[in-house]
$ cat model.cif   # mmCIF, C-alpha atoms and all ligand atoms
data_coords
loop_
_atom_site.label_atom_id
_atom_site.label_comp_id
_atom_site.auth_asym_id
_atom_site.auth_seq_id
_atom_site.Cartn_x
_atom_site.Cartn_y
_atom_site.Cartn_z
CA MET A 1 5.04 -7.55 -18.32
CA THR A 2 5.70 -5.04 -15.58
CA LEU A 3 7.15 -6.57 -12.44
CA TYR A 4 4.32 -5.59 -10.16
CA ARG A 5 1.89 -7.55 -12.34
CA LYS A 6 4.23 -10.48 -12.76
CA TYR A 7 4.71 -10.77 -9.01
CA ARG A 8 1.16 -10.01 -7.90
CA PRO A 9 0.47 -12.26 -4.88
CA GLN A 10 -1.46 -15.34 -6.03
CA ASN A 11 -2.26 -16.88 -2.67
CA LEU A 12 -2.57 -15.81 0.94
CA SER A 13 0.96 -16.74 1.90
CA GLU A 14 2.29 -14.30 -0.70
CA LEU A 15 0.31 -11.41 0.74
CA ASP A 16 3.00 -9.62 2.68
CA SER A 17 0.60 -7.48 4.70
CA SER A 18 0.46 -9.75 7.73
CA GLU A 19 -2.60 -8.31 9.47
CA VAL A 20 -4.88 -8.59 6.47
CA ARG A 21 -3.51 -12.00 5.59
CA ASP A 22 -4.20 -13.40 9.05
CA ARG A 23 -7.72 -12.00 9.12
CA LEU A 24 -8.49 -13.47 5.71
CA ILE A 25 -7.24 -16.83 6.87
CA ARG A 26 -9.52 -16.70 9.90
CA THR A 27 -12.47 -15.51 7.84
CA PHE A 28 -12.19 -18.29 5.29
CA SER A 29 -11.44 -20.99 7.83
CA SER A 30 -14.88 -20.59 9.34
CA ALA A 31 -17.87 -22.52 8.10
CA PHE A 32 -19.65 -19.31 7.23
CA THR A 33 -19.12 -17.68 3.82
CA PRO A 34 -19.28 -13.89 3.98
CA HIS A 35 -21.27 -12.29 1.17
CA ALA A 36 -19.87 -8.77 1.32
CA LEU A 37 -16.29 -7.78 2.05
CA LEU A 38 -14.95 -4.26 1.96
CA PHE A 39 -11.23 -3.65 1.41
CA CYS A 40 -10.12 -0.16 2.44
CA GLY A 41 -6.63 1.27 2.11
CA SER A 42 -4.25 3.47 0.19
CA ARG A 43 -3.03 2.62 -3.29
CA GLY A 44 -0.77 -0.32 -3.89
CA THR A 45 -1.46 -2.03 -0.58
CA GLY A 46 -2.93 -5.19 -2.11
CA LYS A 47 -6.69 -4.69 -2.32
CA THR A 48 -7.14 -5.90 -5.88
CA SER A 49 -4.67 -8.74 -5.37
CA ALA A 50 -6.49 -9.87 -2.22
CA ALA A 51 -9.89 -9.64 -3.92
CA ARG A 52 -8.74 -12.00 -6.68
CA ILE A 53 -7.29 -14.39 -4.11
CA VAL A 54 -10.65 -14.42 -2.32
CA ALA A 55 -12.37 -15.27 -5.61
CA LYS A 56 -9.95 -18.16 -6.07
CA ILE A 57 -10.45 -19.44 -2.54
CA LEU A 58 -14.20 -19.49 -3.08
CA ASN A 59 -14.08 -21.27 -6.41
CA CYS A 60 -10.91 -23.40 -6.46
CA GLU A 61 -11.95 -26.80 -7.80
CA LYS A 62 -9.43 -28.72 -5.73
CA ARG A 63 -10.53 -27.03 -2.54
CA ILE A 64 -14.17 -27.75 -3.26
CA LYS A 65 -13.40 -31.42 -3.91
CA SER A 66 -11.43 -31.82 -0.70
CA GLN A 67 -14.18 -30.02 1.21
CA GLU A 68 -16.79 -32.42 -0.17
CA LEU A 69 -14.67 -35.42 0.76
CA LYS A 70 -14.15 -34.16 4.26
CA SER A 71 -17.77 -33.32 4.89
CA LYS A 72 -18.73 -36.84 3.79
CA ASP A 73 -16.06 -38.14 6.08
CA LYS A 74 -16.55 -36.55 9.44
CA GLY A 75 -18.15 -33.24 8.73
CA GLN A 76 -14.89 -31.46 9.46
CA LEU A 77 -13.76 -28.23 7.92
CA PRO A 78 -10.93 -28.16 5.44
CA THR A 79 -7.66 -27.14 7.01
CA ASN A 80 -6.04 -25.83 3.86
CA ILE A 81 -7.66 -22.69 2.62
CA GLU A 82 -5.13 -21.70 -0.02
CA PRO A 83 -6.25 -21.82 -3.66
CA CYS A 84 -4.31 -24.40 -5.72
CA ASN A 85 -3.47 -22.04 -8.62
CA THR A 86 -3.42 -25.03 -10.98
CA CYS A 87 -7.08 -25.84 -11.59
CA GLU A 88 -9.00 -24.27 -14.46
CA SER A 89 -10.89 -21.96 -12.10
CA CYS A 90 -7.73 -20.59 -10.45
CA ILE A 91 -5.89 -20.19 -13.75
CA SER A 92 -8.75 -18.43 -15.46
CA ILE A 93 -9.01 -15.99 -12.55
CA THR A 94 -5.28 -15.24 -12.72
CA GLU A 95 -5.64 -14.66 -16.44
CA GLY A 96 -8.68 -12.45 -15.96
CA ARG A 97 -11.01 -14.56 -18.14
CA ASN A 98 -13.21 -16.24 -15.57
CA LEU A 99 -16.84 -15.61 -16.46
CA ASP A 100 -17.97 -15.79 -12.84
CA VAL A 101 -15.50 -13.29 -11.48
CA LEU A 102 -16.60 -9.84 -12.55
CA GLU A 103 -14.40 -6.83 -11.98
CA ILE A 104 -16.19 -3.53 -12.20
CA ASP A 105 -14.38 -0.22 -12.05
CA ALA A 106 -16.80 2.08 -10.27
CA ALA A 107 -14.81 5.11 -11.36
CA SER A 108 -15.94 4.59 -14.95
CA ASN A 109 -19.27 2.82 -14.23
CA ARG A 110 -20.71 5.19 -11.68
CA GLY A 111 -24.37 5.26 -12.48
CA ILE A 112 -27.64 3.62 -11.69
CA ASP A 113 -27.83 1.84 -15.06
CA GLU A 114 -24.70 -0.17 -14.42
CA ILE A 115 -25.88 -1.23 -10.99
CA ARG A 116 -29.36 -2.10 -12.32
CA ASP A 117 -27.70 -4.23 -14.93
CA LEU A 118 -25.67 -5.91 -12.20
CA ARG A 119 -28.83 -6.55 -10.19
CA GLU A 120 -30.46 -8.27 -13.13
CA LYS A 121 -27.48 -10.46 -13.98
CA ILE A 122 -26.58 -11.39 -10.44
CA LYS A 123 -29.74 -13.50 -10.21
CA LEU A 124 -28.45 -15.83 -12.91
CA ALA A 125 -26.55 -18.84 -11.66
CA PRO A 126 -22.76 -18.90 -12.07
CA VAL A 127 -21.55 -20.27 -15.42
CA SER A 128 -19.11 -22.85 -14.12
CA SER A 129 -18.20 -21.97 -10.54
CA ARG A 130 -19.71 -22.28 -7.12
CA PHE A 131 -19.83 -18.52 -6.55
CA LYS A 132 -20.25 -15.44 -8.67
CA VAL A 133 -17.77 -12.92 -7.32
CA TYR A 134 -18.27 -9.22 -7.96
CA ILE A 135 -15.18 -7.11 -7.39
CA ILE A 136 -16.14 -3.45 -7.40
CA ASP A 137 -13.08 -1.23 -7.38
CA GLU A 138 -13.10 2.40 -6.21
CA VAL A 139 -16.64 1.82 -4.98
CA HIS A 140 -16.80 5.29 -3.38
CA MET A 141 -17.18 6.73 -6.89
CA LEU A 142 -20.74 5.42 -7.32
CA THR A 143 -23.56 7.95 -7.45
CA THR A 144 -26.13 8.08 -4.64
CA GLU A 145 -28.75 6.30 -6.76
CA ALA A 146 -26.27 3.60 -7.64
CA PHE A 147 -25.43 3.15 -3.97
CA ASN A 148 -29.09 2.74 -3.12
CA ALA A 149 -29.52 0.14 -5.82
CA LEU A 150 -26.38 -1.68 -4.67
CA LEU A 151 -27.61 -1.62 -1.11
CA LYS A 152 -30.72 -3.60 -2.01
CA THR A 153 -28.56 -6.33 -3.50
CA LEU A 154 -26.16 -6.27 -0.58
CA GLU A 155 -29.07 -6.72 1.78
CA GLU A 156 -30.30 -9.87 0.13
CA PRO A 157 -27.69 -11.25 -2.22
CA PRO A 158 -28.46 -14.56 -3.93
CA ALA A 159 -26.71 -17.44 -2.12
CA HIS A 160 -24.30 -17.81 -5.04
CA ALA A 161 -23.06 -14.19 -4.97
CA VAL A 162 -20.16 -12.65 -3.08
CA PHE A 163 -19.18 -8.98 -3.21
CA VAL A 164 -15.69 -7.68 -2.70
CA LEU A 165 -15.75 -3.90 -2.62
CA ALA A 166 -12.49 -1.96 -2.69
CA THR A 167 -11.85 1.69 -1.99
CA THR A 168 -9.09 4.14 -1.24
CA GLU A 169 -11.61 6.49 0.38
CA PRO A 170 -13.90 4.66 2.81
CA ASP A 171 -14.96 7.99 4.34
CA LYS A 172 -16.99 8.64 1.22
CA LEU A 173 -19.09 5.50 1.59
CA PRO A 174 -22.59 5.71 3.06
CA ALA A 175 -22.93 4.13 6.50
CA THR A 176 -25.60 1.82 5.15
CA ILE A 177 -23.06 0.19 2.84
CA LEU A 178 -20.38 0.00 5.53
CA SER A 179 -22.74 -1.73 7.91
CA ARG A 180 -23.44 -4.53 5.44
CA CYS A 181 -19.80 -5.46 4.89
CA ILE A 182 -17.00 -7.15 6.74
CA ILE A 183 -14.35 -4.44 6.69
CA PHE A 184 -10.64 -5.06 6.14
CA ASN A 185 -8.22 -2.18 6.59
CA PHE A 186 -5.19 -2.43 4.36
CA LYS A 187 -2.65 -0.38 6.25
CA LYS A 188 0.37 1.17 4.61
CA ALA A 189 2.97 -1.54 4.33
CA GLN A 190 5.82 -1.63 6.81
CA VAL A 191 9.40 -1.50 5.61
CA SER A 192 9.94 -5.16 6.57
CA GLU A 193 6.80 -6.25 4.68
CA ILE A 194 7.92 -4.41 1.56
CA VAL A 195 11.38 -5.94 1.83
CA ASN A 196 9.73 -9.40 1.90
CA CYS A 197 7.70 -8.53 -1.17
CA LEU A 198 10.82 -7.30 -2.99
CA LYS A 199 12.68 -10.46 -2.05
CA ARG A 200 10.19 -12.52 -4.04
CA VAL A 201 10.93 -10.36 -7.07
CA VAL A 202 14.69 -10.54 -6.47
CA LYS A 203 14.50 -14.31 -6.27
CA GLY A 204 12.32 -14.63 -9.36
CA GLU A 205 14.52 -12.31 -11.41
CA LYS A 206 17.73 -13.82 -9.99
CA LEU A 207 19.16 -10.47 -8.92
CA ASP A 208 22.17 -9.98 -6.73
CA VAL A 209 21.41 -7.17 -4.28
CA THR A 210 21.95 -6.42 -0.59
CA ASP A 211 19.34 -6.11 2.13
CA ASP A 212 20.38 -2.48 2.59
CA PHE A 213 19.51 -1.81 -1.01
CA LEU A 214 16.04 -3.31 -0.56
CA THR A 215 15.49 -1.41 2.68
CA GLN A 216 16.38 1.79 0.92
CA ILE A 217 13.72 1.11 -1.72
CA ALA A 218 11.18 0.21 0.95
CA GLN A 219 11.80 3.45 2.78
CA SER A 220 11.16 5.43 -0.38
CA SER A 221 7.88 3.83 -1.36
CA GLU A 222 5.43 5.40 1.07
CA GLY A 223 4.02 2.12 2.27
CA SER A 224 2.99 1.03 -1.22
CA PHE A 225 4.03 -2.42 -2.44
CA ARG A 226 3.43 -1.30 -5.98
CA ASP A 227 5.63 1.82 -5.73
CA ALA A 228 8.41 -0.29 -4.22
CA THR A 229 8.25 -2.80 -7.05
CA LYS A 230 8.28 0.04 -9.56
CA ILE A 231 11.40 1.58 -8.03
CA LEU A 232 13.11 -1.82 -8.18
CA GLU A 233 12.11 -2.15 -11.82
CA GLN A 234 13.56 1.25 -12.58
CA ALA A 235 16.78 0.31 -10.79
CA ILE A 236 17.02 -2.85 -12.92
CA LEU A 237 16.42 -0.93 -16.14
CA GLU A 238 19.07 1.63 -15.25
CA ASN A 239 21.45 -1.00 -13.95
CA ALA A 240 21.56 0.68 -10.55
CA LEU A 241 21.50 -2.27 -8.20
CA THR A 242 23.63 -0.79 -5.43
CA ALA A 243 22.53 1.50 -2.63
CA GLU A 244 24.75 4.25 -3.96
CA LYS A 245 23.47 4.18 -7.53
CA LEU A 246 19.94 3.91 -6.23
CA SER A 247 20.36 7.16 -4.29
CA HIS A 248 21.08 8.80 -7.57
CA ILE A 249 17.93 7.40 -9.20
CA LEU A 250 15.87 8.50 -6.24
CA GLY A 251 17.32 11.95 -6.61
CA ARG A 252 19.21 11.86 -3.35
CA ASP A 253 22.75 13.08 -3.58
CA ASN A 254 25.66 14.37 -1.64
CA MET A 255 23.55 16.90 0.23
CA THR A 256 22.43 14.50 2.93
CA ALA A 257 19.70 15.15 5.45
CA GLY A 258 22.35 15.14 8.16
CA LYS A 259 24.44 17.83 6.49
CA PHE A 260 21.32 19.86 5.87
CA LEU A 261 20.29 19.73 9.54
CA LYS A 262 23.80 20.73 10.51
CA LEU A 263 23.45 23.81 8.30
CA LEU A 264 20.11 24.57 9.89
CA SER A 265 21.63 24.45 13.34
CA ALA A 266 23.90 27.34 12.33
CA LYS A 267 20.83 29.30 11.22
CA ASN A 268 22.61 30.87 8.29
CA LEU A 269 19.62 31.47 6.07
CA LYS A 270 21.55 32.51 3.00
CA VAL A 271 23.68 29.38 2.97
CA VAL A 272 20.66 27.11 3.43
CA LEU A 273 18.60 28.79 0.71
CA THR A 274 21.54 28.57 -1.69
CA GLN A 275 21.83 24.87 -0.94
CA ILE A 276 18.14 24.29 -1.69
CA ASN A 277 18.50 26.17 -4.93
CA GLN A 278 21.43 24.03 -6.01
CA MET A 279 19.60 20.85 -5.06
CA VAL A 280 16.67 21.83 -7.26
CA GLU A 281 19.04 22.51 -10.14
CA ARG A 282 20.56 19.08 -9.71
CA GLY A 283 17.10 17.56 -9.90
CA VAL A 284 16.95 16.28 -6.33
CA ASN A 285 13.57 14.89 -5.37
CA ILE A 286 12.49 17.25 -2.59
CA ARG A 287 9.85 14.92 -1.20
CA PHE A 288 12.34 12.09 -0.67
CA PHE A 289 14.74 14.58 0.84
CA VAL A 290 12.14 15.82 3.33
CA GLU A 291 11.33 12.20 4.20
CA ASP A 292 15.01 11.64 4.98
CA ILE A 293 15.07 14.71 7.21
CA LEU A 294 11.98 13.57 9.11
CA ARG A 295 13.38 10.10 9.55
CA LEU A 296 16.59 11.55 10.98
CA LEU A 297 14.71 13.91 13.30
CA HIS A 298 12.63 10.98 14.48
CA GLN A 299 15.81 9.08 15.34
CA ILE A 300 17.17 12.08 17.24
CA LEU A 301 13.90 12.43 19.15
CA LEU A 302 13.96 8.77 20.21
CA LYS A 303 17.59 9.00 21.18
CA GLN A 304 17.00 12.08 23.31
CA HIS A 305 14.37 10.17 25.25
CA ASP A 306 16.47 7.05 25.57
CA VAL A 307 14.28 4.77 23.51
CA SER A 308 16.63 4.35 20.62
CA GLU A 309 18.49 1.14 19.91
CA GLU A 310 21.40 3.08 18.54
CA ARG A 311 23.96 4.02 21.11
CA GLU A 312 26.46 5.46 18.70
CA GLU A 313 27.25 9.13 18.68
CA THR A 314 26.59 10.82 15.35
CA GLU A 315 27.51 14.17 13.86
CA LEU A 316 24.15 15.44 15.12
CA THR A 317 24.42 14.29 18.71
CA GLY A 318 23.92 17.27 20.98
CA VAL A 319 23.41 19.70 18.11
CA PHE A 320 19.74 20.31 18.88
CA GLY A 321 17.93 20.62 22.20
CA THR A 322 14.72 18.70 22.79
CA LYS A 323 12.51 21.73 22.10
CA GLU A 324 14.36 22.48 18.90
CA VAL A 325 13.84 18.94 17.68
CA LEU A 326 10.10 19.23 18.30
CA THR A 327 9.96 22.54 16.44
CA LEU A 328 11.84 21.05 13.51
CA ILE A 329 9.61 17.98 13.37
CA LYS A 330 6.53 20.18 13.28
CA LEU A 331 8.03 22.41 10.61
CA PHE A 332 9.08 19.56 8.35
CA SER A 333 5.87 17.62 8.84
CA LYS A 334 4.10 20.69 7.54
CA VAL A 335 6.50 20.88 4.59
CA TYR A 336 5.66 17.27 3.83
CA THR A 337 1.91 17.90 3.83
CA ASP A 338 2.25 21.14 1.86
CA LEU A 339 4.33 19.41 -0.80
CA LYS A 340 1.22 17.58 -1.99
CA ASN A 341 -0.29 20.83 -3.27
CA ALA A 342 2.81 22.83 -4.07
CA SER A 343 3.28 24.15 -7.59
CA MET A 344 7.03 24.30 -6.98
CA PRO A 345 8.25 21.70 -4.51
CA GLN A 346 11.06 23.84 -3.11
CA ILE A 347 8.67 26.54 -1.85
CA PRO A 348 7.34 24.73 1.26
CA LEU A 349 10.91 23.79 2.13
CA GLU A 350 12.13 27.36 1.70
CA VAL A 351 9.28 28.72 3.81
CA ALA A 352 10.17 26.32 6.60
CA VAL A 353 13.85 27.18 6.65
CA VAL A 354 13.10 30.92 6.60
CA GLU A 355 10.76 30.43 9.55
CA TRP A 356 13.33 28.38 11.37
CA CYS A 357 16.30 30.67 10.76
CA GLU A 358 14.38 33.80 11.68
CA GLN A 359 13.19 32.41 14.96
CA GLU A 360 14.96 34.00 17.86
CA LEU A 361 17.51 31.73 19.37
CA LYS A 362 15.42 30.41 22.22
CA THR A 363 16.94 28.83 25.26
CA THR A 364 16.96 25.12 24.89
CA THR A 365 16.83 22.39 27.44
N1 LIG A 401 0.23 -7.57 0.28
C1 LIG A 401 1.10 -7.58 -0.73
N2 LIG A 401 2.16 -8.37 -0.70
C2 LIG A 401 3.03 -8.39 -1.70
N3 LIG A 401 2.92 -7.64 -2.82
C3 LIG A 401 1.89 -6.81 -2.91
C4 LIG A 401 0.92 -6.76 -1.87
N4 LIG A 401 0.01 -5.87 -2.22
C5 LIG A 401 0.38 -5.37 -3.39
N5 LIG A 401 1.51 -5.94 -3.83
C6 LIG A 401 2.20 -5.58 -5.07
O1 LIG A 401 1.65 -4.34 -5.51
C7 LIG A 401 0.94 -4.52 -6.73
C8 LIG A 401 -0.35 -3.73 -6.69
O2 LIG A 401 -1.22 -4.27 -5.73
P1 LIG A 401 -2.80 -4.14 -5.87
O3 LIG A 401 -3.18 -3.83 -7.28
O4 LIG A 401 -3.39 -5.33 -5.24
O5 LIG A 401 -3.02 -2.87 -4.95
P2 LIG A 401 -4.36 -2.07 -4.72
O6 LIG A 401 -4.47 -1.90 -3.23
O7 LIG A 401 -5.48 -2.67 -5.43
O8 LIG A 401 -3.97 -0.66 -5.34
P3 LIG A 401 -4.96 0.46 -6.00
O9 LIG A 401 -5.68 1.14 -4.86
O10 LIG A 401 -3.97 1.40 -6.65
O11 LIG A 401 -5.86 -0.24 -6.94
C9 LIG A 401 0.75 -6.03 -6.86
O12 LIG A 401 0.72 -6.41 -8.20
C10 LIG A 401 1.97 -6.57 -6.16
O13 LIG A 401 3.07 -6.56 -7.02
MG MG A 402 -6.68 -2.01 -7.03
ZN ZN A 403 -7.64 -24.12 -7.82
#
$ encode --input "model.cif" --output "structure tokens" --more "lines below"
Ligand SMILES: Nc1ncnc2c1ncn2[C@@H]1O[C@H](COP(=O)(O)OP(=O)(O)OP(=O)(O)O)[C@@H](O)[C@H]1O
Ligand SMILES: [Mg+2]
Ligand SMILES: [Zn+2]
Amino acid sequence: MTLYRKYRPQNLSELDSSEVRDRLIRTFSSAFTPHALLFCGSRGTGKTSAARIVAKILNCEKRIKSQELKSKDKGQLPTNIEPCNTCESCISITEGRNLDVLEIDAASNRGIDEIRDLREKIKLAPVSSRFKVYIIDEVHMLTTEAFNALLKTLEEPPAHAVFVLATTEPDKLPATILSRCIIFNFKKAQVSEIVNCLKRVVKGEKLDVTDDFLTQIAQSSEGSFRDATKILEQAILENALTAEKLSHILGRDNMTAGKFLKLLSAKNLKVVLTQINQMVERGVNIRFFVEDILRLLHQILLKQHDVSEEREETELTGVFGTKEVLTLIKLFSKVYTDLKNASMPQIPLEVAVVEWCEQELKTTT
């Protein structure tokens, strides 16, 4: 089994995205059960994982029992909202065979017929659980007719039905749908959150790695827990469990961002273009390289305005003026955006360095 499946969070405490986790805890601690939730956010941020956890919370047999006991007792709410992960309901959800938890991929079931079918079946009582949970992934892919049909159900769902809609593109959802749902924004994961997530894997797989190594992975995974876990898996397969070997896997090599910026400061276009060419031949991942450059420029920017923790002088201290740093950040941010549509990844980078080197040497502050 791939690591990201094996280590999919199974309860709220394992969800490393703290904001979403805390909101889910508050939502399910209240006496009111929401009937439509919408999870928005980029790929690999935990939407599907969280949706399954919600299904477990709603249907966990142990939780239901303790709730019944307590309400007989004093009418108090249960304090523990985590699913037990040991009852038949929890286990069958983890294994994807629970008849009352229905996962629908809207990307391949886009039409009115599928939603009509759903509207018919949703009326039927759950087979063995308290709630029927419908998880509709990539919900923005539905056709307009399908949305309209879904809307009717969302307006008046049967008491036993709960919807968890997930999407990477909430902008494409009609306002009518948005207004019926409690919306959760799954932000890109922070480096520290990804490191936490990786530590669970490291512990489970009994690996011996440093925090620096994990941070390096986290910085290369664009805020996606899944991408991070995949990089770690690749590092395991290639036996590259040190920061240095990892650099090689990630396609970073001896041409560091720092050295590159130093070359740029000299504005020798020919030298810089030759370097880029050689990097491409060595198979360097240009996107990661541009990320490194931006991260470094960001540090320089903070340092110039005295908000950096780091007091140490580096090889780049004093090399660029404040205006130059701004120009470079703008240039490389554009490279980063353009890379998404580039047929050859080195082209946006080359364009930027040509622009930079051909700029007149302006007076700097
Ligand atoms: N909040 C999280 N904490 C820890 N690990 C996470 C978290 N979210 C995701 N992961 C890891 O990433 C994997 C993928 O997550 P998941 O499938 O839930 O993401 P998703 O948002 O549904 O992505 P997609 O939009 O691509 O469907 C999980 O199996 C798990 O390994
Ligand atoms: Mg998903
Ligand atoms: Zn349970």
$ atom_distance --input "model.cif" --atom1 "atom CA of Lys303 of chain A" --atom2 "atom CA of Gly321 of chain A"
11.7 Å
$ closest_residue --input "model.cif" --among "A:Pro83, A:Pro34, A:Gly41, A:Gly46" --to "ligand ZN 403 (chain A)" --atoms "all atoms listed in the file"
A:Pro83
$ residues_near_ligand --input "model.cif" --ligand "ligand ZN 403 (chain A)" --cutoff "6 Å" --atoms "only C-alpha atoms and all ligand atoms" --output "ChimeraX atom specification"
/A:60-62,83-87,89-90
$ closest_residue --input "model.cif" --among "A:Ile217, A:Val271, A:Cys181, A:Leu264" --to "Glu244 of chain A" --atoms "all atoms listed in the file"
A:Ile217
$ closest_atom_pairs --input "model.cif" --of "chain A" --to "ligand LIG 401 (chain A)" --cutoff "6 Å" --atoms "only C-alpha atoms and all ligand atoms" --output "JSON lines"
{"residue": "A:Tyr4", "atom": "CA", "partner": "A:LIG401", "partner_atom": "O13", "distance": 3.5}
{"residue": "A:Arg5", "atom": "CA", "partner": "A:LIG401", "partner_atom": "O12", "distance": 4.5}
{"residue": "A:Tyr7", "atom": "CA", "partner": "A:LIG401", "partner_atom": "O13", "distance": 4.9}
{"residue": "A:Arg8", "atom": "CA", "partner": "A:LIG401", "partner_atom": "O12", "distance": 3.6}
{"residue": "A:Pro9", "atom": "CA", "partner": "A:LIG401", "partner_atom": "N3", "distance": 5.6}
{"residue": "A:Glu14", "atom": "CA", "partner": "A:LIG401", "partner_atom": "N2", "distance": 5.9}
{"residue": "A:Leu15", "atom": "CA", "partner": "A:LIG401", "partner_atom": "N2", "distance": 3.8}
{"residue": "A:Asp16", "atom": "CA", "partner": "A:LIG401", "partner_atom": "N2", "distance": 3.7}
{"residue": "A:Ser17", "atom": "CA", "partner": "A:LIG401", "partner_atom": "N1", "distance": 4.4}
{"residue": "A:Ser42", "atom": "CA", "partner": "A:LIG401", "partner_atom": "O9", "distance": 5.7}
{"residue": "A:Arg43", "atom": "CA", "partner": "A:LIG401", "partner_atom": "O9", "distance": 3.4}
{"residue": "A:Gly44", "atom": "CA", "partner": "A:LIG401", "partner_atom": "O8", "distance": 3.5}
{"residue": "A:Thr45", "atom": "CA", "partner": "A:LIG401", "partner_atom": "O6", "distance": 4.0}
{"residue": "A:Gly46", "atom": "CA", "partner": "A:LIG401", "partner_atom": "N4", "distance": 3.0}
{"residue": "A:Lys47", "atom": "CA", "partner": "A:LIG401", "partner_atom": "O6", "distance": 3.7}
{"residue": "A:Thr48", "atom": "CA", "partner": "A:LIG401", "partner_atom": "O7", "distance": 3.7}
{"residue": "A:Ser49", "atom": "CA", "partner": "A:LIG401", "partner_atom": "O4", "distance": 3.6}
{"residue": "A:Thr168", "atom": "CA", "partner": "A:LIG401", "partner_atom": "O9", "distance": 5.8}
{"residue": "A:Cys197", "atom": "CA", "partner": "A:LIG401", "partner_atom": "C2", "distance": 4.7}
{"residue": "A:Phe225", "atom": "CA", "partner": "A:LIG401", "partner_atom": "O1", "distance": 4.3}
{"residue": "A:Arg226", "atom": "CA", "partner": "A:LIG401", "partner_atom": "O1", "distance": 3.6}
$ atom_distance --input "model.cif" --atom1 "atom CA of Val319 of chain A" --atom2 "atom CA of Pro348 of chain A"
23.8 Å
$ closest_residue --input "model.cif" --among "A:Asp292, A:Leu3, A:Thr143, A:Ala159" --to "Val202 of chain A" --atoms "only C-alpha atoms"
A:Leu3
$ closest_residue --input "model.cif" --among "A:Ala51, A:Val101, A:Leu150, A:Leu38" --to "ligand MG 402 (chain A)" --atoms "all atoms listed in the file"
A:Ala51
$ residues_around --input "model.cif" --residues "Pro174 of chain A" --least-positions-apart "3" --cutoff "10 Å" --atoms "only C-alpha atoms" --output "list of chain:residue names"
A:His140, A:Thr144, A:Phe147, A:Asn148, A:Leu151, A:Pro170, A:Asp171, A:Ile177, A:Leu178, A:Ser179
$ atom_distance --input "model.cif" --atom1 "atom CA of Arg180 of chain A" --atom2 "atom CA of Leu37 of chain A"
8.6 Å
$ build_atoms --input "model.cif" --residues "segment 279-290 of chain A" --atoms "N, CA and C atoms" --output "PDB file, keeping the file's coordinate frame"
ATOM      1  N   MET A 279      20.201  22.183  -5.032  1.00  0.00           N
ATOM      2  CA  MET A 279      19.600  20.850  -5.060  1.00  0.00           C
ATOM      3  C   MET A 279      18.533  20.770  -6.155  1.00  0.00           C
ATOM      4  N   VAL A 280      17.720  21.816  -6.244  1.00  0.00           N
ATOM      5  CA  VAL A 280      16.670  21.830  -7.260  1.00  0.00           C
ATOM      6  C   VAL A 280      17.297  21.767  -8.652  1.00  0.00           C
ATOM      7  N   GLU A 281      18.370  22.523  -8.824  1.00  0.00           N
ATOM      8  CA  GLU A 281      19.040  22.510 -10.140  1.00  0.00           C
ATOM      9  C   GLU A 281      19.601  21.136 -10.485  1.00  0.00           C
ATOM     10  N   ARG A 282      20.034  20.423  -9.455  1.00  0.00           N
ATOM     11  CA  ARG A 282      20.560  19.080  -9.710  1.00  0.00           C
ATOM     12  C   ARG A 282      19.464  18.042  -9.872  1.00  0.00           C
ATOM     13  N   GLY A 283      18.222  18.482  -9.708  1.00  0.00           N
ATOM     14  CA  GLY A 283      17.100  17.560  -9.900  1.00  0.00           C
ATOM     15  C   GLY A 283      16.832  16.650  -8.712  1.00  0.00           C
ATOM     16  N   VAL A 284      17.222  17.092  -7.522  1.00  0.00           N
ATOM     17  CA  VAL A 284      16.950  16.280  -6.330  1.00  0.00           C
ATOM     18  C   VAL A 284      15.458  16.223  -6.075  1.00  0.00           C
ATOM     19  N   ASN A 285      14.980  15.048  -5.713  1.00  0.00           N
ATOM     20  CA  ASN A 285      13.570  14.890  -5.370  1.00  0.00           C
ATOM     21  C   ASN A 285      13.335  15.423  -3.952  1.00  0.00           C
ATOM     22  N   ILE A 286      12.643  16.569  -3.886  1.00  0.00           N
ATOM     23  CA  ILE A 286      12.490  17.250  -2.590  1.00  0.00           C
ATOM     24  C   ILE A 286      11.679  16.409  -1.605  1.00  0.00           C
ATOM     25  N   ARG A 287      10.692  15.697  -2.116  1.00  0.00           N
ATOM     26  CA  ARG A 287       9.850  14.920  -1.200  1.00  0.00           C
ATOM     27  C   ARG A 287      10.672  13.825  -0.497  1.00  0.00           C
ATOM     28  N   PHE A 288      11.490  13.122  -1.276  1.00  0.00           N
ATOM     29  CA  PHE A 288      12.340  12.090  -0.670  1.00  0.00           C
ATOM     30  C   PHE A 288      13.297  12.730   0.337  1.00  0.00           C
ATOM     31  N   PHE A 289      13.790  13.904  -0.029  1.00  0.00           N
ATOM     32  CA  PHE A 289      14.740  14.580   0.840  1.00  0.00           C
ATOM     33  C   PHE A 289      14.083  14.938   2.179  1.00  0.00           C
ATOM     34  N   VAL A 290      12.855  15.462   2.103  1.00  0.00           N
ATOM     35  CA  VAL A 290      12.140  15.820   3.330  1.00  0.00           C
ATOM     36  C   VAL A 290      11.841  14.563   4.161  1.00  0.00           C
TER      37      VAL A 290
END
